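Asks: Enclosed is the structure file protein_31.txt (compact mmCIF, C-alpha atoms and all ligand atoms).
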# COMPACT_ATOMS: atom_id res chain seq x y z
CA MET A 1 63.17 57.04 -3.73
CA ARG A 2 62.15 59.23 -0.80
CA ASP A 3 59.19 58.39 1.39
CA ARG A 4 55.96 59.53 -0.16
CA THR A 5 52.39 60.09 1.00
CA ASP A 6 49.06 60.10 -0.87
CA GLY A 7 47.81 62.77 1.56
CA ARG A 8 44.61 62.61 3.53
CA GLY A 9 42.05 64.80 1.74
CA PHE A 10 39.83 63.54 -1.10
CA ALA A 11 41.30 65.89 -3.74
CA THR A 12 44.87 65.06 -2.73
CA ARG A 13 44.25 61.31 -2.90
CA SER A 14 42.44 61.70 -6.24
CA ILE A 15 45.67 63.18 -7.61
CA HIS A 16 48.32 61.09 -5.84
CA ALA A 17 46.93 57.64 -4.97
CA GLY A 18 48.04 54.80 -7.25
CA GLU A 19 50.66 56.99 -8.90
CA ARG A 20 54.43 57.16 -8.34
CA PRO A 21 57.24 58.60 -10.50
CA ASP A 22 58.82 55.80 -12.50
CA PRO A 23 61.89 54.66 -10.50
CA VAL A 24 64.01 54.04 -13.63
CA THR A 25 63.18 57.00 -15.91
CA HIS A 26 61.77 59.43 -13.27
CA ALA A 27 58.77 60.05 -15.55
CA LEU A 28 56.17 61.74 -13.35
CA ASN A 29 53.16 60.23 -15.10
CA PRO A 30 52.60 56.48 -14.81
CA PRO A 31 53.40 54.50 -17.96
CA ILE A 32 50.66 52.83 -20.01
CA TYR A 33 51.74 49.19 -19.95
CA LEU A 34 50.57 48.05 -23.39
CA SER A 35 51.94 44.56 -22.93
CA SER A 36 49.76 41.47 -23.16
CA THR A 37 52.40 39.28 -21.54
CA PHE A 38 55.33 39.58 -19.11
CA ALA A 39 58.80 37.99 -19.40
CA PHE A 40 60.81 36.19 -16.71
CA ASP A 41 64.41 35.17 -16.07
CA SER A 42 63.54 31.61 -15.15
CA ALA A 43 60.81 28.98 -15.22
CA ALA A 44 60.54 29.21 -11.43
CA GLU A 45 60.06 32.99 -11.53
CA LYS A 46 57.32 32.60 -14.15
CA GLU A 47 55.56 29.93 -12.08
CA ASP A 48 55.68 32.11 -8.98
CA ALA A 49 54.18 35.10 -10.86
CA VAL A 50 51.40 32.94 -12.31
CA ASP A 51 50.53 31.48 -8.90
CA ARG A 52 50.52 34.85 -7.15
CA SER A 53 48.56 36.57 -9.92
CA LEU A 54 45.90 33.83 -9.92
CA ALA A 55 45.65 34.16 -6.13
CA TRP A 56 44.76 37.82 -6.88
CA GLU A 57 47.87 39.16 -5.19
CA PRO A 58 48.34 42.84 -6.11
CA GLY A 59 51.52 43.53 -8.08
CA ALA A 60 51.92 40.02 -9.54
CA TYR A 61 51.71 39.98 -13.35
CA PHE A 62 52.05 37.32 -16.02
CA TYR A 63 49.26 38.06 -18.54
CA SER A 64 47.18 41.23 -18.96
CA ARG A 65 43.76 39.59 -19.10
CA THR A 66 44.38 38.60 -15.49
CA SER A 67 46.35 41.61 -14.21
CA ASN A 68 48.19 44.62 -15.59
CA PRO A 69 50.20 47.38 -13.82
CA THR A 70 48.25 50.31 -15.36
CA ASN A 71 44.94 48.68 -14.45
CA ARG A 72 46.32 48.07 -10.95
CA ALA A 73 47.30 51.75 -10.57
CA LEU A 74 43.69 52.74 -11.31
CA GLU A 75 42.42 50.15 -8.82
CA GLU A 76 44.65 51.61 -6.10
CA LYS A 77 43.45 55.15 -6.84
CA VAL A 78 39.77 54.15 -6.76
CA ALA A 79 40.18 52.10 -3.56
CA SER A 80 41.80 55.13 -1.91
CA ILE A 81 39.14 57.67 -2.87
CA GLU A 82 36.25 55.31 -2.06
CA GLY A 83 37.72 54.49 1.36
CA ALA A 84 37.76 50.80 0.36
CA GLU A 85 40.23 48.00 1.04
CA ASP A 86 40.59 47.19 -2.67
CA ALA A 87 39.11 47.75 -6.14
CA VAL A 88 38.71 45.79 -9.40
CA VAL A 89 38.71 47.40 -12.83
CA ALA A 90 36.99 45.89 -15.88
CA SER A 91 36.29 46.69 -19.52
CA SER A 92 33.06 48.68 -18.98
CA GLY A 93 30.45 49.62 -16.43
CA MET A 94 28.34 46.66 -17.56
CA ALA A 95 31.36 44.36 -17.13
CA VAL A 96 31.52 45.19 -13.41
CA VAL A 97 27.73 45.09 -12.99
CA SER A 98 27.46 41.64 -14.61
CA SER A 99 30.63 40.19 -13.03
CA THR A 100 29.65 41.44 -9.57
CA LEU A 101 26.16 39.95 -9.76
CA LEU A 102 27.27 36.68 -11.36
CA ALA A 103 30.16 36.24 -8.91
CA HIS A 104 27.84 36.55 -5.91
CA LEU A 105 24.68 34.81 -7.19
CA GLY A 106 24.08 31.22 -8.31
CA ALA A 107 21.10 29.06 -9.27
CA GLY A 108 18.46 29.19 -6.52
CA ASP A 109 19.61 32.58 -5.19
CA HIS A 110 17.53 35.74 -5.23
CA VAL A 111 18.41 39.45 -5.50
CA VAL A 112 16.35 42.51 -4.57
CA VAL A 113 17.04 45.36 -7.00
CA GLY A 114 15.80 48.91 -7.58
CA ASP A 115 12.80 49.29 -9.90
CA GLU A 116 14.45 52.01 -11.99
CA LEU A 117 17.89 50.82 -13.11
CA PHE A 118 20.20 51.50 -16.04
CA ALA A 119 18.43 49.96 -19.08
CA ILE A 120 21.09 47.33 -19.88
CA THR A 121 21.26 46.23 -16.24
CA GLU A 122 17.49 45.70 -16.49
CA VAL A 123 17.95 43.64 -19.67
CA LEU A 124 20.59 41.51 -17.91
CA LEU A 125 18.27 40.89 -14.95
CA ALA A 126 15.16 40.26 -17.06
CA ASP A 127 16.59 38.20 -19.95
CA ASP A 128 19.64 36.51 -18.50
CA PHE A 129 18.97 35.77 -14.84
CA PRO A 130 15.80 33.60 -15.21
CA ARG A 131 17.63 31.10 -17.44
CA ARG A 132 20.42 30.94 -14.86
CA GLY A 133 17.87 30.12 -12.13
CA ILE A 134 18.44 33.41 -10.27
CA GLY A 135 15.33 35.13 -8.87
CA VAL A 136 14.95 38.91 -9.13
CA SER A 137 12.50 41.25 -7.36
CA ALA A 138 12.45 44.89 -8.45
CA VAL A 139 11.17 47.35 -5.85
CA ASP A 140 11.14 51.08 -5.16
CA MET A 141 14.30 51.53 -3.09
CA THR A 142 12.88 54.70 -1.50
CA ASP A 143 10.17 52.49 0.12
CA LEU A 144 11.93 50.62 2.95
CA ALA A 145 8.86 48.55 3.82
CA ALA A 146 8.60 47.34 0.20
CA VAL A 147 12.30 46.43 0.19
CA GLU A 148 11.95 44.46 3.43
CA ALA A 149 8.83 42.68 2.13
CA ALA A 150 10.70 41.60 -1.04
CA ILE A 151 13.47 39.81 0.89
CA THR A 152 13.09 36.00 0.90
CA PRO A 153 15.17 33.26 2.56
CA ALA A 154 16.98 32.89 -0.80
CA THR A 155 17.91 36.59 -1.05
CA LYS A 156 21.65 37.20 -1.06
CA LEU A 157 22.07 40.74 -2.39
CA LEU A 158 20.49 44.19 -2.33
CA PHE A 159 21.40 46.08 -5.52
CA LEU A 160 20.54 49.75 -5.97
CA GLU A 161 21.56 52.86 -7.88
CA THR A 162 22.38 55.86 -5.70
CA SER A 163 20.57 58.28 -8.05
CA THR A 164 18.20 56.64 -10.51
CA ASN A 165 17.67 57.13 -14.20
CA PRO A 166 15.58 59.07 -15.26
CA ARG A 167 13.71 60.28 -12.17
CA LEU A 168 16.89 60.83 -10.11
CA ARG A 169 15.34 59.19 -7.04
CA VAL A 170 17.85 59.10 -4.17
CA PRO A 171 17.28 56.13 -1.84
CA ASP A 172 18.31 56.40 1.80
CA LEU A 173 21.50 54.39 1.48
CA ALA A 174 22.31 54.31 5.21
CA ALA A 175 18.83 52.95 6.06
CA LEU A 176 19.02 50.37 3.24
CA ALA A 177 22.48 49.22 4.36
CA GLU A 178 21.20 48.81 7.92
CA LEU A 179 18.20 46.82 6.67
CA GLY A 180 20.31 44.70 4.31
CA HIS A 181 22.85 43.83 7.00
CA ARG A 182 20.13 43.03 9.55
CA ARG A 183 18.79 40.49 6.99
CA GLY A 184 22.29 39.12 6.19
CA LEU A 185 22.57 40.60 2.67
CA VAL A 186 25.49 42.09 0.75
CA VAL A 187 24.56 45.68 -0.16
CA ILE A 188 25.77 46.88 -3.57
CA ALA A 189 25.46 50.48 -4.80
CA ASP A 190 25.94 51.55 -8.42
CA ASN A 191 27.16 55.12 -7.90
CA THR A 192 27.64 56.01 -11.57
CA PHE A 193 25.22 58.98 -11.55
CA LEU A 194 27.00 60.79 -8.69
CA GLY A 195 30.60 59.60 -8.41
CA PRO A 196 32.77 59.49 -5.28
CA ALA A 197 33.40 63.25 -5.01
CA LEU A 198 29.69 63.68 -4.20
CA LEU A 199 28.80 60.41 -2.44
CA ARG A 200 30.94 57.56 -1.10
CA PRO A 201 28.52 54.66 -0.50
CA ILE A 202 30.95 52.67 1.67
CA GLU A 203 30.90 55.54 4.21
CA HIS A 204 27.12 55.01 4.41
CA GLY A 205 27.34 51.25 4.95
CA ALA A 206 27.36 49.75 1.42
CA ASP A 207 29.59 46.68 1.03
CA LEU A 208 30.46 47.25 -2.62
CA VAL A 209 30.34 50.35 -4.82
CA LEU A 210 30.27 50.06 -8.62
CA HIS A 211 30.93 52.67 -11.30
CA ALA A 212 30.66 52.97 -15.01
CA ALA A 213 34.05 54.73 -14.95
CA THR A 214 33.10 55.72 -18.51
CA LYS A 215 31.14 58.59 -16.90
CA TYR A 216 32.25 60.93 -14.07
CA LEU A 217 35.51 59.15 -13.21
CA SER A 218 36.81 59.56 -16.77
CA GLY A 219 34.96 62.86 -17.18
CA HIS A 220 36.01 63.54 -20.76
CA GLY A 221 33.98 61.02 -22.74
CA ASP A 222 37.12 59.29 -24.01
CA ALA A 223 37.19 55.90 -22.26
CA VAL A 224 34.89 52.94 -21.63
CA SER A 225 35.68 51.40 -18.25
CA GLY A 226 34.15 50.01 -15.06
CA VAL A 227 35.33 49.61 -11.50
CA ALA A 228 34.09 47.99 -8.26
CA ALA A 229 35.44 48.84 -4.79
CA GLY A 230 34.97 47.15 -1.41
CA SER A 231 36.58 44.46 0.71
CA LYS A 232 39.13 42.10 -0.82
CA ALA A 233 36.99 39.14 0.31
CA LEU A 234 34.01 40.38 -1.78
CA LEU A 235 36.17 41.55 -4.68
CA ASP A 236 38.31 38.45 -5.26
CA PRO A 237 35.37 36.42 -6.68
CA ILE A 238 34.55 39.41 -8.92
CA ARG A 239 38.18 39.61 -10.08
CA LYS A 240 38.01 35.92 -10.99
CA GLN A 241 34.69 36.43 -12.83
CA VAL A 242 36.13 39.38 -14.79
CA ASP A 243 39.02 37.10 -15.80
CA THR A 244 36.91 34.06 -16.74
CA LEU A 245 34.37 36.13 -18.68
CA GLY A 246 37.21 37.92 -20.48
CA GLN A 247 36.19 41.40 -19.33
CA ALA A 248 39.75 42.70 -18.84
CA ALA A 249 40.15 46.47 -18.84
CA SER A 250 42.21 48.20 -21.52
CA PRO A 251 45.35 49.77 -19.95
CA LEU A 252 44.83 52.82 -22.17
CA SER A 253 41.30 53.30 -20.82
CA SER A 254 42.55 52.82 -17.26
CA TRP A 255 45.18 55.51 -17.80
CA LEU A 256 42.59 57.92 -19.18
CA VAL A 257 40.26 57.25 -16.23
CA MET A 258 43.16 57.75 -13.81
CA ARG A 259 43.90 61.11 -15.42
CA GLY A 260 40.22 62.02 -15.23
CA ILE A 261 40.01 61.22 -11.52
CA ARG A 262 42.70 63.82 -10.75
CA THR A 263 40.12 66.55 -11.48
CA LEU A 264 37.01 64.66 -10.33
CA GLN A 265 36.25 66.90 -7.37
CA LEU A 266 36.74 70.13 -9.34
CA ARG A 267 34.54 68.86 -12.16
CA SER A 268 31.85 67.45 -9.87
CA ARG A 269 31.55 70.71 -7.94
CA ALA A 270 31.47 72.90 -11.07
CA ALA A 271 28.92 70.68 -12.84
CA SER A 272 26.68 70.43 -9.74
CA ALA A 273 26.65 74.22 -9.34
CA ASN A 274 25.69 74.57 -13.02
CA ALA A 275 22.97 71.92 -12.64
CA LEU A 276 21.35 73.75 -9.74
CA GLN A 277 21.22 77.00 -11.71
CA LEU A 278 19.81 75.28 -14.80
CA ALA A 279 17.21 73.40 -12.71
CA ARG A 280 16.06 76.62 -11.02
CA TYR A 281 15.89 78.36 -14.39
CA LEU A 282 13.89 75.53 -16.01
CA GLU A 283 11.46 75.33 -13.09
CA GLY A 284 10.49 78.96 -13.69
CA GLN A 285 9.85 78.63 -17.44
CA PRO A 286 6.28 78.44 -18.80
CA ALA A 287 7.50 76.16 -21.66
CA VAL A 288 8.59 73.54 -19.09
CA ALA A 289 6.06 71.06 -17.65
CA TRP A 290 8.23 69.76 -14.80
CA VAL A 291 11.86 69.40 -13.61
CA HIS A 292 13.38 66.58 -11.54
CA TYR A 293 16.54 67.63 -9.72
CA PRO A 294 17.36 66.38 -6.19
CA GLY A 295 18.70 69.82 -5.29
CA LEU A 296 15.26 71.44 -5.74
CA PRO A 297 12.86 71.45 -2.76
CA SER A 298 10.18 70.14 -5.19
CA HIS A 299 12.07 66.81 -5.60
CA PRO A 300 10.61 63.96 -3.47
CA ASP A 301 14.06 62.98 -2.14
CA HIS A 302 15.36 66.50 -1.54
CA GLU A 303 15.88 65.91 2.19
CA VAL A 304 17.70 62.57 1.67
CA ALA A 305 19.83 64.10 -1.09
CA GLN A 306 20.84 67.00 1.13
CA ARG A 307 21.91 64.55 3.81
CA LEU A 308 23.85 62.17 1.50
CA ILE A 309 25.16 64.16 -1.45
CA GLU A 310 27.88 66.79 -1.25
CA GLY A 311 26.74 70.06 -2.88
CA PRO A 312 23.28 70.77 -4.27
CA GLY A 313 22.33 67.31 -5.64
CA GLY A 314 24.60 66.10 -8.44
CA ALA A 315 24.93 67.18 -12.05
CA MET A 316 22.09 65.23 -13.69
CA LEU A 317 18.62 66.66 -14.20
CA THR A 318 15.52 65.56 -16.08
CA PHE A 319 12.70 67.72 -17.41
CA ARG A 320 9.81 67.75 -19.83
CA THR A 321 8.82 70.60 -22.08
CA ARG A 322 5.25 71.43 -22.88
CA GLY A 323 3.98 70.37 -26.31
CA GLY A 324 4.72 66.63 -26.06
CA LEU A 325 7.20 65.03 -28.45
CA ASP A 326 7.13 68.08 -30.74
CA GLY A 327 8.09 70.30 -27.80
CA MET A 328 10.90 67.91 -26.86
CA ALA A 329 12.38 67.92 -30.38
CA ALA A 330 11.87 71.69 -30.78
CA PHE A 331 14.05 72.19 -27.70
CA THR A 332 16.83 69.70 -28.43
CA ASP A 333 17.08 70.34 -32.16
CA HIS A 334 17.65 74.07 -31.76
CA LEU A 335 20.47 73.89 -29.22
CA ARG A 336 23.74 75.28 -30.53
CA LEU A 337 26.14 74.52 -27.67
CA CYS A 338 24.92 71.41 -25.88
CA ASP A 339 24.94 68.18 -27.86
CA ILE A 340 22.38 65.41 -28.17
CA GLY A 341 23.97 62.22 -26.84
CA VAL A 342 23.23 59.24 -24.62
CA SER A 343 26.16 59.28 -22.23
CA LEU A 344 26.78 61.32 -19.09
CA GLY A 345 29.46 62.58 -16.74
CA ASP A 346 31.36 64.47 -19.44
CA VAL A 347 32.67 68.05 -19.02
CA HIS A 348 30.61 68.70 -22.18
CA THR A 349 26.86 69.14 -21.49
CA LEU A 350 24.81 66.37 -23.15
CA VAL A 351 21.04 66.26 -23.58
CA TYR A 352 19.31 62.91 -24.03
CA PRO A 353 15.77 63.18 -25.44
CA ARG A 354 13.66 60.07 -24.79
CA PRO A 355 10.60 59.95 -27.06
CA LYS A 356 9.69 56.41 -25.87
CA GLN A 357 9.49 57.69 -22.28
CA GLY A 358 6.95 60.40 -23.02
CA GLY A 359 9.39 62.97 -24.37
CA ILE A 360 11.44 63.53 -21.21
CA ILE A 361 14.86 65.11 -21.60
CA ARG A 362 17.76 64.00 -19.41
CA VAL A 363 20.59 66.47 -19.07
CA SER A 364 24.12 65.60 -18.02
CA VAL A 365 25.27 69.06 -17.03
CA GLY A 366 28.90 69.80 -17.82
CA CYS A 367 31.48 72.33 -16.71
CA GLU A 368 30.92 75.11 -19.26
CA ASP A 369 30.26 78.69 -18.10
CA VAL A 370 26.72 78.63 -16.79
CA ASP A 371 25.69 81.78 -18.68
CA ASP A 372 26.44 80.00 -21.95
CA LEU A 373 24.33 77.02 -20.86
CA LEU A 374 21.45 79.26 -19.79
CA GLU A 375 21.57 81.09 -23.12
CA ASP A 376 21.50 77.81 -25.07
CA PHE A 377 18.60 76.45 -22.99
CA ALA A 378 16.70 79.73 -23.47
CA LEU A 379 17.26 79.42 -27.23
CA GLY A 380 15.93 75.84 -27.25
CA LEU A 381 12.88 76.73 -25.14
CA SER A 382 12.06 79.69 -27.39
CA TYR A 383 11.06 77.14 -30.07
CA VAL A 384 8.68 75.22 -27.76
CA SER A 385 5.10 76.27 -28.40
C1 LIG A 401 23.99 53.58 -13.73
C2 LIG A 401 24.79 52.92 -14.81
N1 LIG A 401 25.39 51.73 -14.55
C3 LIG A 401 26.12 51.09 -15.48
C4 LIG A 401 26.27 51.61 -16.75
C5 LIG A 401 27.05 50.84 -17.78
O1 LIG A 401 28.26 51.47 -18.08
P1 LIG A 401 29.03 51.21 -19.47
O2 LIG A 401 28.28 51.96 -20.52
O3 LIG A 401 30.41 51.70 -19.22
O4 LIG A 401 28.99 49.73 -19.71
C6 LIG A 401 25.68 52.83 -17.06
C7 LIG A 401 25.82 53.41 -18.41
O5 LIG A 401 25.24 54.43 -18.74
C8 LIG A 401 24.91 53.50 -16.07
O6 LIG A 401 24.28 54.67 -16.34
Mind turning the file's structure into structure tokens?
Replies:
Amino acid sequence: MRDRTDGRGFATRSIHAGERPDPVTHALNPPIYLSSTFAFDSAAEKEDAVDRSLAWEPGAYFYSRTSNPTNRALEEKVASIEGAEDAVVASSGMAVVSSTLLAHLGAGDHVVVGDELFAITEVLLADDFPRRGIGVSAVDMTDLAAVEAAITPATKLLFLETSTNPRLRVPDLAALAELGHRRGLVVIADNTFLGPALLRPIEHGADLVLHAATKYLSGHGDAVSGVAAGSKALLDPIRKQVDTLGQAASPLSSWLVMRGIRTLQLRSRAASANALQLARYLEGQPAVAWVHYPGLPSHPDHEVAQRLIEGPGGAMLTFRTRGGLDGMAAFTDHLRLCDIGVSLGDVHTLVYPRPKQGGIIRVSVGCEDVDDLLEDFALGLSYVS
């Protein structure tokens, strides 16, 4: 096979990295290796593959809970686009969040985390970590003095989300990485809400970046998957934890995520442009009480977002209608194009009404024509009294 390159640019690597035409069949797309086990010509060959695979050597396979060629192809693609040495894929976003934290924390250790995290990450930290003897302090990551004050001699990690849910606060990642490293901590960024086309945390000093690949990386709402990227030294314990906790990725999901990543930049740019227009529209409507979108000058982290995030400020926005919970439901229940759903990062616009959080509405803006989105939002708002 002739010499090949993955290219240099982000879009080129999103398409080419981790993928090669099959040398036997010449199939352009990578195969989905739906094989739990691998067969060998001799006992010695099998033993060698087992030893190399359990030493986390890329390209060594004996059993798909431990390593699989389709999962590996996704890992290579993600490592390339994140500018990382390596990556580890797992069965879901929560699989990488839990394996990463458990691999790097033990009894007596302490972690400083953001005070507005994905709900299930919060459940893990609140319900699971105390009985494992791991201390947790939750602080506002946009307040550097509060973060520094929360660090104790037992602190090992700083764990943050790059754009929080639901207020879309954008912490100053570069300043947090500098602080974390000065205090000897490993800095971990969950970048699910933005994705690597808009922000690459490792370029701003983070040691590890995590994704629910279920969201922007997949982009089509058809796979549940998670991935962590960073140095091999930090990832090998996570790879082992993923294996021992049985959080192996499905090769089919990895293939779907790999396909999604090929269009990540196009989708991220289109959805961000739509989000800015929707946010500006909502901010001007009398039926809307407030809008949170980092691309609006009214957002508290607008300046940080402009510095860190490519484009206007991502494709997530949160707002509240007037009229309390009735206003919220009047809006969502009269939409005809956008759907009510809890996920995000899909090409399909999803609205997530949250009655238990005062009736706020989170919007994962998709890639539809913006005029259609504006018309649907206007229809919904026309029912808010
Ligand atoms: C920021 C963040 N991290 C992690 C997760 C967990 O991902 P998954 O649902 O794939 O387990 C989510 C899911 O919404 C999320 O929003």
Asks: Segment 134-147 of chain A: which residues within 8 Å, counting all atoms listed in the file, same-chain residues fewer than 4 positions away excluded, as a VMD selection string?
Replies: chain A and resid 105 to 116 125 129 to 130 151 160 169 to 172 175 to 176
Asks: Write out, as a PDB file, in the frame of the given file, the residues just selected, with C-alpha atoms.
Replies:
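So the final result, stored in result21.pdb, reads:
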ATOM      1  CA  LEU A 105      24.680  34.810  -7.190  1.00  0.00           C
ATOM      2  CA  GLY A 106      24.080  31.220  -8.310  1.00  0.00           C
ATOM      3  CA  ALA A 107      21.100  29.060  -9.270  1.00  0.00           C
ATOM      4  CA  GLY A 108      18.460  29.190  -6.520  1.00  0.00           C
ATOM      5  CA  ASP A 109      19.610  32.580  -5.190  1.00  0.00           C
ATOM      6  CA  HIS A 110      17.530  35.740  -5.230  1.00  0.00           C
ATOM      7  CA  VAL A 111      18.410  39.450  -5.500  1.00  0.00           C
ATOM      8  CA  VAL A 112      16.350  42.510  -4.570  1.00  0.00           C
ATOM      9  CA  VAL A 113      17.040  45.360  -7.000  1.00  0.00           C
ATOM     10  CA  GLY A 114      15.800  48.910  -7.580  1.00  0.00           C
ATOM     11  CA  ASP A 115      12.800  49.290  -9.900  1.00  0.00           C
ATOM     12  CA  GLU A 116      14.450  52.010 -11.990  1.00  0.00           C
ATOM     13  CA  LEU A 125      18.270  40.890 -14.950  1.00  0.00           C
ATOM     14  CA  PHE A 129      18.970  35.770 -14.840  1.00  0.00           C
ATOM     15  CA  PRO A 130      15.800  33.600 -15.210  1.00  0.00           C
ATOM     16  CA  ILE A 151      13.470  39.810   0.890  1.00  0.00           C
ATOM     17  CA  LEU A 160      20.540  49.750  -5.970  1.00  0.00           C
ATOM     18  CA  ARG A 169      15.340  59.190  -7.040  1.00  0.00           C
ATOM     19  CA  VAL A 170      17.850  59.100  -4.170  1.00  0.00           C
ATOM     20  CA  PRO A 171      17.280  56.130  -1.840  1.00  0.00           C
ATOM     21  CA  ASP A 172      18.310  56.400   1.800  1.00  0.00           C
ATOM     22  CA  ALA A 175      18.830  52.950   6.060  1.00  0.00           C
ATOM     23  CA  LEU A 176      19.020  50.370   3.240  1.00  0.00           C
TER      24      LEU A 176
END
Asks: Throw together the list of residues within 8 Å of ligand LIG 401 (chain A), counting only C-alpha atoms and all ligand atoms, and drop it here as a ChimeraX atom specification.
Replies: /A:91-95,97,117-121,161,164-165,190-193,210-215,224-226,342-344
Asks: Counting only C-alpha atoms, which residues in segment 178-210 of chain A sit no more than 10 Å from segment 313-325 of chain A? For each one, give the nearest pair of atoms and the distance in Å, sorted by chain then residue number, as a Markdown table.
Replies:
| residue | atom | partner | partner_atom | distance |
| --- | --- | --- | --- | --- |
| A:Phe193 | CA | A:Met316 | CA | 7.3 |
| A:Leu194 | CA | A:Gly314 | CA | 5.8 |
| A:Gly195 | CA | A:Gly314 | CA | 8.8 |
| A:Ala197 | CA | A:Gly314 | CA | 9.9 |
| A:Leu198 | CA | A:Gly314 | CA | 7.1 |
| A:Leu199 | CA | A:Gly314 | CA | 9.3 |
Asks: Which residues come within 12 Å of segment 39-56 of chain A, counting only C-alpha atoms, excluding same-chain residues fewer than 6 positions away, as a ChimeraX atom specification?
Replies: /A:62-69,72,86-88,232-233,235-244
Asks: With C-alpha atoms retained, could you export that selection as a short mmCIF file (atom, residue, chain, number, x, y, z; two decimals), keeping the file's coordinate frame?
Replies:
data_model
loop_
_atom_site.label_atom_id
_atom_site.label_comp_id
_atom_site.auth_asym_id
_atom_site.auth_seq_id
_atom_site.Cartn_x
_atom_site.Cartn_y
_atom_site.Cartn_z
CA PHE A 62 52.05 37.32 -16.02
CA TYR A 63 49.26 38.06 -18.54
CA SER A 64 47.18 41.23 -18.96
CA ARG A 65 43.76 39.59 -19.10
CA THR A 66 44.38 38.60 -15.49
CA SER A 67 46.35 41.61 -14.21
CA ASN A 68 48.19 44.62 -15.59
CA PRO A 69 50.20 47.38 -13.82
CA ARG A 72 46.32 48.07 -10.95
CA ASP A 86 40.59 47.19 -2.67
CA ALA A 87 39.11 47.75 -6.14
CA VAL A 88 38.71 45.79 -9.40
CA LYS A 232 39.13 42.10 -0.82
CA ALA A 233 36.99 39.14 0.31
CA LEU A 235 36.17 41.55 -4.68
CA ASP A 236 38.31 38.45 -5.26
CA PRO A 237 35.37 36.42 -6.68
CA ILE A 238 34.55 39.41 -8.92
CA ARG A 239 38.18 39.61 -10.08
CA LYS A 240 38.01 35.92 -10.99
CA GLN A 241 34.69 36.43 -12.83
CA VAL A 242 36.13 39.38 -14.79
CA ASP A 243 39.02 37.10 -15.80
CA THR A 244 36.91 34.06 -16.74
#
Asks: Using atom CA of Ser35 of chain A and atom CA of Val227 of chain A as the two end points, give the distance in Å to one decimal.
Replies: 20.8 Å
Asks: Skip Glu76 of chain A itself and residues of its chain fewer than 2 positions away, then list as a ChimeraX atom specification all residues within 12 Å of it, counting all atoms listed in the file.
Replies: /A:6,13-20,58-59,69-74,78-89,227-230,254,258,261
Asks: With all atoms listed in the file as the basis for distance, which of A:Ser231, A:Ala90, A:Arg262, A:Thr155 is at the shortest distance from Phe10 of chain A?
Replies: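 Closest to Phe10 of chain A, using all atoms listed in the file: A:Arg262.
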Asks: Which is closest to Gln285 of chain A among A:Ala126, A:Gly359, A:Leu374, A:Ser99, if we use only C-alpha atoms?
Replies: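 For Gln285 of chain A, the nearest of the candidates is A:Leu374.
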Asks: What does the distance between atom CA of Ser382 of chain A and atom CA of Gln277 of chain A come to in Å, to one decimal place?
Replies: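 Going from atom CA of Ser382 of chain A over to atom CA of Gln277 of chain A covers 18.4 Å.
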Asks: Please indicate the distance in Å from atom CA of Pro294 of chain A to atom CA of Leu168 of chain A, rounded to one decimal place.
Replies: 6.8 Å
Asks: Could you check the closest approach to Leu34 of chain A for each of A:Pro21, A:Pro251, A:Gly221, A:Gly205 and tell me which residue wins, using all atoms listed in the file?
Replies: A:Pro251
Asks: Could you work out an axis-aligned box for segment 230-247 of chain A, taking every atom the file lists and adding 4 Å on each side, and report centre and edge lengths in Å to one decimal, as lines of an AutoDock Vina configuration file?
Replies:
center_x = 36.6
center_y = 40.6
center_z = -9.9
size_x = 13.1
size_y = 21.1
size_z = 29.2
Asks: Generate the missing atoms of segment 105-113 of chain A up to N, CA and C atoms and report them as a PDB file, in the coordinates of the input.
Replies:
ATOM      1  N   LEU A 105      26.000  35.460  -7.100  1.00  0.00           N
ATOM      2  CA  LEU A 105      24.680  34.810  -7.190  1.00  0.00           C
ATOM      3  C   LEU A 105      24.800  33.520  -7.994  1.00  0.00           C
ATOM      4  N   GLY A 106      24.115  32.476  -7.550  1.00  0.00           N
ATOM      5  CA  GLY A 106      24.080  31.220  -8.310  1.00  0.00           C
ATOM      6  C   GLY A 106      22.640  30.740  -8.412  1.00  0.00           C
ATOM      7  N   ALA A 107      22.448  29.619  -9.097  1.00  0.00           N
ATOM      8  CA  ALA A 107      21.100  29.060  -9.270  1.00  0.00           C
ATOM      9  C   ALA A 107      20.446  28.872  -7.904  1.00  0.00           C
ATOM     10  N   GLY A 108      19.193  29.314  -7.786  1.00  0.00           N
ATOM     11  CA  GLY A 108      18.460  29.190  -6.520  1.00  0.00           C
ATOM     12  C   GLY A 108      18.533  30.433  -5.658  1.00  0.00           C
ATOM     13  N   ASP A 109      19.496  31.331  -5.958  1.00  0.00           N
ATOM     14  CA  ASP A 109      19.610  32.580  -5.190  1.00  0.00           C
ATOM     15  C   ASP A 109      18.628  33.619  -5.708  1.00  0.00           C
ATOM     16  N   HIS A 110      18.482  34.670  -4.914  1.00  0.00           N
ATOM     17  CA  HIS A 110      17.530  35.740  -5.230  1.00  0.00           C
ATOM     18  C   HIS A 110      18.185  37.076  -4.919  1.00  0.00           C
ATOM     19  N   VAL A 111      17.865  38.103  -5.718  1.00  0.00           N
ATOM     20  CA  VAL A 111      18.410  39.450  -5.500  1.00  0.00           C
ATOM     21  C   VAL A 111      17.267  40.458  -5.496  1.00  0.00           C
ATOM     22  N   VAL A 112      17.320  41.406  -4.569  1.00  0.00           N
ATOM     23  CA  VAL A 112      16.350  42.510  -4.570  1.00  0.00           C
ATOM     24  C   VAL A 112      17.049  43.709  -5.205  1.00  0.00           C
ATOM     25  N   VAL A 113      16.420  44.257  -6.257  1.00  0.00           N
ATOM     26  CA  VAL A 113      17.040  45.360  -7.000  1.00  0.00           C
ATOM     27  C   VAL A 113      16.086  46.556  -7.050  1.00  0.00           C
TER      28      VAL A 113
END
